[in-house]
Amino acid sequence: MMKKLLTISAIAACTVFAKAAEPTDVTAQYLQNYSAPFATTGEQLISGNDRWQKLASPWITEGDQTNQETGVITAWHVDFQKMPNYPSADNSRIGVMTLTPGWDGFSGTFENMKAYQTIKLAPGTYEFTAKRAQDWSGAKNAYLVVAAGTTIPNIADLSTALGSARFETAITPEWLISVNFKLEVETTISVGVIASYTGAKQCVSIAQFGLNFFEGANFRTLNALLAKAKAFTSTQYPIGTIMGTYPQAKWDALQTTIASVETFITENPNATQEQVDAKVAELQAVIDDLNASLILPFKLSDTNSTTWYQIRDQRSTKNYWQIGEYATEDGLKYYTTALILTQQSDNTLDDQLFKIVKAPAPSKGYIIYCKLIEDLPLAASRKENIVLITDTLPATAWQFGATTSAANFTISLEGDKTAQLNSYASYTPPFVGFYYPGDGVNDYGNNWEFVELIEVGQTDFTALKTLVAEAIRMTSETYPTGTGENQFPQDKWDAFVAARTLALTLVEKESATPQPTQEEVDNMIITLQAAIDELKAGQNPGFFASTEATTHWYTLSDRRTNKSFWKIGALTSSTDTIDNTLIMVKGQPAIITDSLLFKVVKAEEPFMGYYIYNKTNETKAITGNVASNFIGINDTLPIATWLFDKSTVASHYLISIEGTGDQVNSYAGYAPPYIAFYNGGAGDPGNNWKFTPATPATSVKDVKAQEFRVFVLNRMVISDDTDLQLTVYNINGQKMDAKHQLAQGIYIVRAEGKSSAVKVIVR
């Protein structure tokens, strides 16, 4: 009863909060020409082309480069080939406000390119907003700004503005960025945008601007930050004592603060803006403290001890940091002690070894030294996009962030996660510079691993620590136990947890005297890896394995919006035709032929995986050859066994060759489209595969089931249309939980948007 009362109270409180924080949209009262299609002067930005036109009043632009004779052209403008896109395209409003450095003949280098309107506002609390349009690649260098007066300041002086926000802070699904500000008296202000780029090929486009007025305090920022904090999971923040984990105390502090903020919102609907802002600062400080508590992948060096590391990226080719000579692309500047890259690992060379020390207070970051020159730290020149050893620049303090990998970390300028170090491996010479692709963790050039230099006679814990860190990220949330689809056997999970505990205990003895032996560490790696493999291989698949007695045929489709299906056929290139290749059908096939049907057979021991057969050849399983990027039926290649690894999306799987980890991906953008190997992981929809029964697994008594695309599989009612919302009732009209296995019997299935129902039998 108490739990129910608390829930009702919380709902009531949220209602009061929402009412108190509801703003008044005053955009039309104060702004003009604020939404796509933006009005123009009719003047072409590039002579002879109506696509790009100059913004009409009341927009004021500064810093325009519009010299048609020299070809130096760039300004905020209206692009009539771009449209609003938040989250879907809007064809009726083509003509968005855009800045296009480096593309289509526009200059890629300029500073403080501005566009703004000047208005007068009464005292009060306001919010200035912008929504993204079709392109957003240049968001890291553009800002939304509110400033007192008749202009907006340069980027270097944004601290003097009433408020500013970098465009990349736009939040999905609406892609909204906002600047909150408060006026004590009637004030003339300017609102707009500013950007700077150096040699860029980027784009940033805006669908519309908005201005909101709040009668009381603006709770929006606090509410959004609270929602963000409550969404943190143990997968993002694994608790532990080794690298890549977070201390329990910091996580507990966050939960306490979340509860405090929720109480504040509930009990203080009429709070002042200062009180709300203080709560924002309090919650943000605890989040920052949690993030800063990430246990780092290295031992700090100090006056008493030094530990040297090689640092390499996460690319498959592995690029190592090295101090060496770097020349700018135009050959006008040479740096003899720049941070460059090599694929040759040699920890006997001083120019490949680095140590990390704690930066002096008040910095919370770290300083990095190379063994080649131990008395000068690495310094960063973001303007020239280079890191080097020099006495002409101050020491750079770095901070380290978690990635989706337990062993890899981002490295960024302290206080600016947008300035992340990236391996520019394709350049000549390859070097380390700054790059920020979204959250950074999906670009392997942004992810760095620290390899400790192990002295003679010292036990090497590196591999074990990496494996344990990965194991700690395997939580009960990501590996749910049970007998249903996508779940894992309880005994496999228990065995894994026991092995992980033993391994963690051994890692914690790294600093003990004497250390565990190398043999103990190596044996523990074998034990833990075996437990991990057993757990993953034990996952309840989304299909029935075929046997000599029973055959189950499936179509296999990827997770792209326009699904692509597996098919055995001929792959024709400009020079050759290869038969019996795994190719693709883009979109739902009109007719399901034998070439689109596959069955899965459990491989014999010692293999953990499965054989896959196509219905056109039931005696020869599918083979795979990574070197030639070939998947298909080939008499000269050994039969492959395949593992089905979990995805982040229910009912989808990652499929890879057992023993190699090489994942199957749909190359849908190629002509002809085909299927080959790419280790894109769960983040790439082409790597995510779904099994759909070619025929119902049990009888369906109503032909309307075909319209619904409903099947009974593993005693659960499913549909291969993932957008179809199903509701299941038993014969007595009682609503059932369709996500769990059903008892034998007759059930009625209704689908959202369908007027009729369908009857199914579960056997």
# chains A, B, ... in the order shown; residues from 1 in each chain; ligands from 1
call {"tool": "residues_around", "arguments": {"residues": "Glu22 of chain A", "least_positions_apart": "4", "cutoff": "10 Å", "atoms": "only C-alpha atoms", "output": "ChimeraX atom specification"}}
result
/A:17-18,212-220
call {"tool": "select_by_dssp", "arguments": {"residues": "segment 438-664 of chain A", "states": "strand (DSSP E or B)", "output": "ChimeraX atom specification"}}
result
/A:448-452,481,488,554-558,564-572,577-586,598-602,610-614,617,623-625,630-632,639,642-646,653-657,663-664
call {"tool": "closest_residue", "arguments": {"among": "A:Ala133, A:Leu225, A:Leu637, A:Ala28", "to": "Glu282 of chain A", "atoms": "only C-alpha atoms"}}
result
A:Leu225
call {"tool": "select_by_dssp", "arguments": {"residues": "segment 201-341 of chain A", "states": "alpha helix (DSSP H)", "output": "PyMOL selection string"}}
result
chain A and resi 220-230+248-267+273-292
call {"tool": "closest_residue", "arguments": {"among": "A:Lys140, A:Lys114, A:Lys567, A:Arg473", "to": "Thr555 of chain A", "atoms": "only C-alpha atoms"}}
result
A:Lys567
call {"tool": "atom_distance", "arguments": {"atom1": "atom CA of Thr125 of chain A", "atom2": "atom CA of Thr221 of chain A"}}
result
12.8 Å
call {"tool": "residues_around", "arguments": {"residues": "Leu176 of chain A", "least_positions_apart": "2", "cutoff": "10 Å", "atoms": "only C-alpha atoms", "output": "count of residues only"}}
result
16
call {"tool": "closest_residue", "arguments": {"among": "A:Gly163, A:Thr109, A:Ala463, A:Ser381", "to": "Ile526 of chain A", "atoms": "only C-alpha atoms"}}
result
A:Ala463
call {"tool": "residues_around", "arguments": {"residues": "Asp135 of chain A", "least_positions_apart": "4", "cutoff": "7 Å", "atoms": "only C-alpha atoms", "output": "PyMOL selection string"}}
result
chain A and resi 203-205
call {"tool": "write_last_selection", "arguments": {"atoms": "C-alpha atoms", "output": "PDB file, in the first residue's frame"}}
result
ATOM      1  CA  CYS A 203      28.207  21.598 -42.600  1.00  0.00           C
ATOM      2  CA  VAL A 204      25.810  22.846 -39.975  1.00  0.00           C
ATOM      3  CA  SER A 205      22.170  23.654 -40.747  1.00  0.00           C
TER       4      SER A 205
END
call {"tool": "atom_distance", "arguments": {"atom1": "atom CA of Thr593 of chain A", "atom2": "atom CA of Ser719 of chain A"}}
result
20.2 Å
call {"tool": "closest_atom_pairs", "arguments": {"of": "segment 283-326 of chain A", "to": "segment 231-241 of chain A", "cutoff": "10 Å", "atoms": "only C-alpha atoms", "output": "tab-separated table"}}
result
residue	atom	partner	partner_atom	distance
A:Leu290	CA	A:Tyr237	CA	8.9
A:Asn291	CA	A:Tyr237	CA	8.7
A:Leu294	CA	A:Tyr237	CA	8.7
A:Ile295	CA	A:Thr241	CA	7.2
call {"tool": "decode", "arguments": {"residues": "segment 108-233 of chain A", "atoms": "C-alpha atoms", "output": "compact mmCIF listing (two decimals), in the first residue's frame"}}
result
# COMPACT_ATOMS: atom_id res chain seq x y z
CA GLY A 108 36.90 26.12 -45.35
CA THR A 109 38.87 28.58 -43.21
CA PHE A 110 37.44 31.60 -41.39
CA GLU A 111 36.95 32.99 -37.90
CA ASN A 112 33.87 34.26 -36.07
CA MET A 113 31.33 34.01 -38.87
CA LYS A 114 28.16 35.50 -37.30
CA ALA A 115 24.44 35.82 -37.95
CA TYR A 116 22.14 37.46 -35.38
CA GLN A 117 19.02 39.51 -34.69
CA THR A 118 18.75 42.35 -32.15
CA ILE A 119 15.61 42.66 -30.00
CA LYS A 120 14.47 44.30 -26.76
CA LEU A 121 13.08 42.12 -23.95
CA ALA A 122 11.30 42.86 -20.67
CA PRO A 123 12.75 41.55 -17.37
CA GLY A 124 12.28 37.82 -16.86
CA THR A 125 13.61 34.32 -17.48
CA TYR A 126 14.01 33.23 -21.10
CA GLU A 127 15.18 30.36 -23.24
CA PHE A 128 16.60 30.80 -26.77
CA THR A 129 16.49 27.57 -28.82
CA ALA A 130 17.50 26.14 -32.17
CA LYS A 131 16.62 22.86 -33.88
CA ARG A 132 18.95 21.10 -36.26
CA ALA A 133 18.21 20.55 -39.91
CA GLN A 134 19.55 18.04 -42.40
CA ASP A 135 23.29 18.31 -41.70
CA TRP A 136 25.11 18.61 -38.41
CA SER A 137 28.70 17.51 -39.11
CA GLY A 138 30.05 20.97 -38.26
CA ALA A 139 28.29 21.19 -34.90
CA LYS A 140 31.48 21.10 -32.84
CA ASN A 141 32.64 24.48 -34.17
CA ALA A 142 29.34 26.40 -34.06
CA TYR A 143 27.61 28.09 -31.12
CA LEU A 144 24.17 29.40 -30.26
CA VAL A 145 24.62 32.75 -28.48
CA VAL A 146 22.65 35.31 -26.46
CA ALA A 147 24.43 38.59 -25.61
CA ALA A 148 23.50 42.01 -24.26
CA GLY A 149 23.86 44.77 -26.84
CA THR A 150 23.64 45.07 -30.59
CA THR A 151 26.02 42.25 -31.59
CA ILE A 152 27.31 38.93 -30.32
CA PRO A 153 30.92 38.41 -29.11
CA ASN A 154 33.65 36.41 -30.81
CA ILE A 155 34.12 32.78 -29.77
CA ALA A 156 37.13 33.70 -27.63
CA ASP A 157 34.92 36.13 -25.67
CA LEU A 158 31.80 33.99 -25.22
CA SER A 159 32.25 34.19 -21.45
CA THR A 160 31.00 37.80 -21.73
CA ALA A 161 27.71 36.69 -23.30
CA LEU A 162 24.50 36.12 -21.38
CA GLY A 163 24.78 32.51 -22.44
CA SER A 164 26.01 30.20 -25.21
CA ALA A 165 25.81 26.53 -26.20
CA ARG A 166 27.86 24.51 -28.64
CA PHE A 167 25.67 23.05 -31.39
CA GLU A 168 26.85 19.50 -30.69
CA THR A 169 24.92 19.58 -27.41
CA ALA A 170 21.69 19.14 -29.40
CA ILE A 171 19.53 16.48 -27.76
CA THR A 172 17.61 13.77 -29.60
CA PRO A 173 14.89 13.11 -30.62
CA GLU A 174 14.10 16.76 -31.37
CA TRP A 175 17.74 17.82 -31.78
CA LEU A 176 17.12 20.89 -29.66
CA ILE A 177 19.86 23.14 -28.27
CA SER A 178 19.07 25.93 -25.86
CA VAL A 179 20.53 28.88 -23.98
CA ASN A 180 18.88 29.96 -20.74
CA PHE A 181 19.24 33.55 -19.55
CA LYS A 182 17.68 35.99 -17.12
CA LEU A 183 17.17 39.75 -17.46
CA GLU A 184 16.76 41.95 -14.38
CA VAL A 185 15.67 45.01 -16.37
CA GLU A 186 14.43 45.73 -19.88
CA THR A 187 17.42 44.99 -22.10
CA THR A 188 18.46 45.15 -25.74
CA ILE A 189 19.99 41.81 -26.65
CA SER A 190 21.27 40.00 -29.73
CA VAL A 191 20.53 36.33 -30.42
CA GLY A 192 22.17 34.24 -33.09
CA VAL A 193 24.97 31.93 -34.15
CA ILE A 194 28.74 32.03 -34.61
CA ALA A 195 31.32 29.58 -35.99
CA SER A 196 35.02 29.27 -36.83
CA TYR A 197 36.76 26.61 -38.97
CA THR A 198 40.25 25.84 -40.21
CA GLY A 199 40.59 23.88 -43.45
CA ALA A 200 37.24 22.24 -42.80
CA LYS A 201 34.84 20.23 -44.91
CA GLN A 202 31.81 20.44 -42.67
CA CYS A 203 28.21 21.60 -42.60
CA VAL A 204 25.81 22.85 -39.98
CA SER A 205 22.17 23.65 -40.75
CA ILE A 206 19.30 25.00 -38.65
CA ALA A 207 15.59 24.33 -39.10
CA GLN A 208 14.20 26.97 -36.75
CA PHE A 209 14.84 29.23 -33.78
CA GLY A 210 12.60 29.77 -30.78
CA LEU A 211 12.21 32.08 -27.77
CA ASN A 212 10.38 31.01 -24.62
CA PHE A 213 9.39 33.08 -21.58
CA PHE A 214 8.98 31.60 -18.10
CA GLU A 215 6.64 33.12 -15.52
CA GLY A 216 8.70 31.52 -12.78
CA ALA A 217 11.95 29.59 -12.81
CA ASN A 218 13.03 27.52 -15.80
CA PHE A 219 13.15 23.91 -14.64
CA ARG A 220 13.93 22.51 -18.09
CA THR A 221 17.69 22.19 -17.69
CA LEU A 222 17.31 20.58 -14.28
CA ASN A 223 14.64 18.21 -15.53
CA ALA A 224 16.75 17.17 -18.54
CA LEU A 225 19.85 16.64 -16.40
CA LEU A 226 17.86 14.60 -13.90
CA ALA A 227 16.48 12.39 -16.67
CA LYS A 228 20.01 11.91 -18.00
CA ALA A 229 21.33 10.94 -14.56
CA LYS A 230 18.47 8.51 -13.91
CA ALA A 231 19.16 6.83 -17.25
CA PHE A 232 22.71 5.87 -16.23
CA THR A 233 23.08 2.09 -15.99
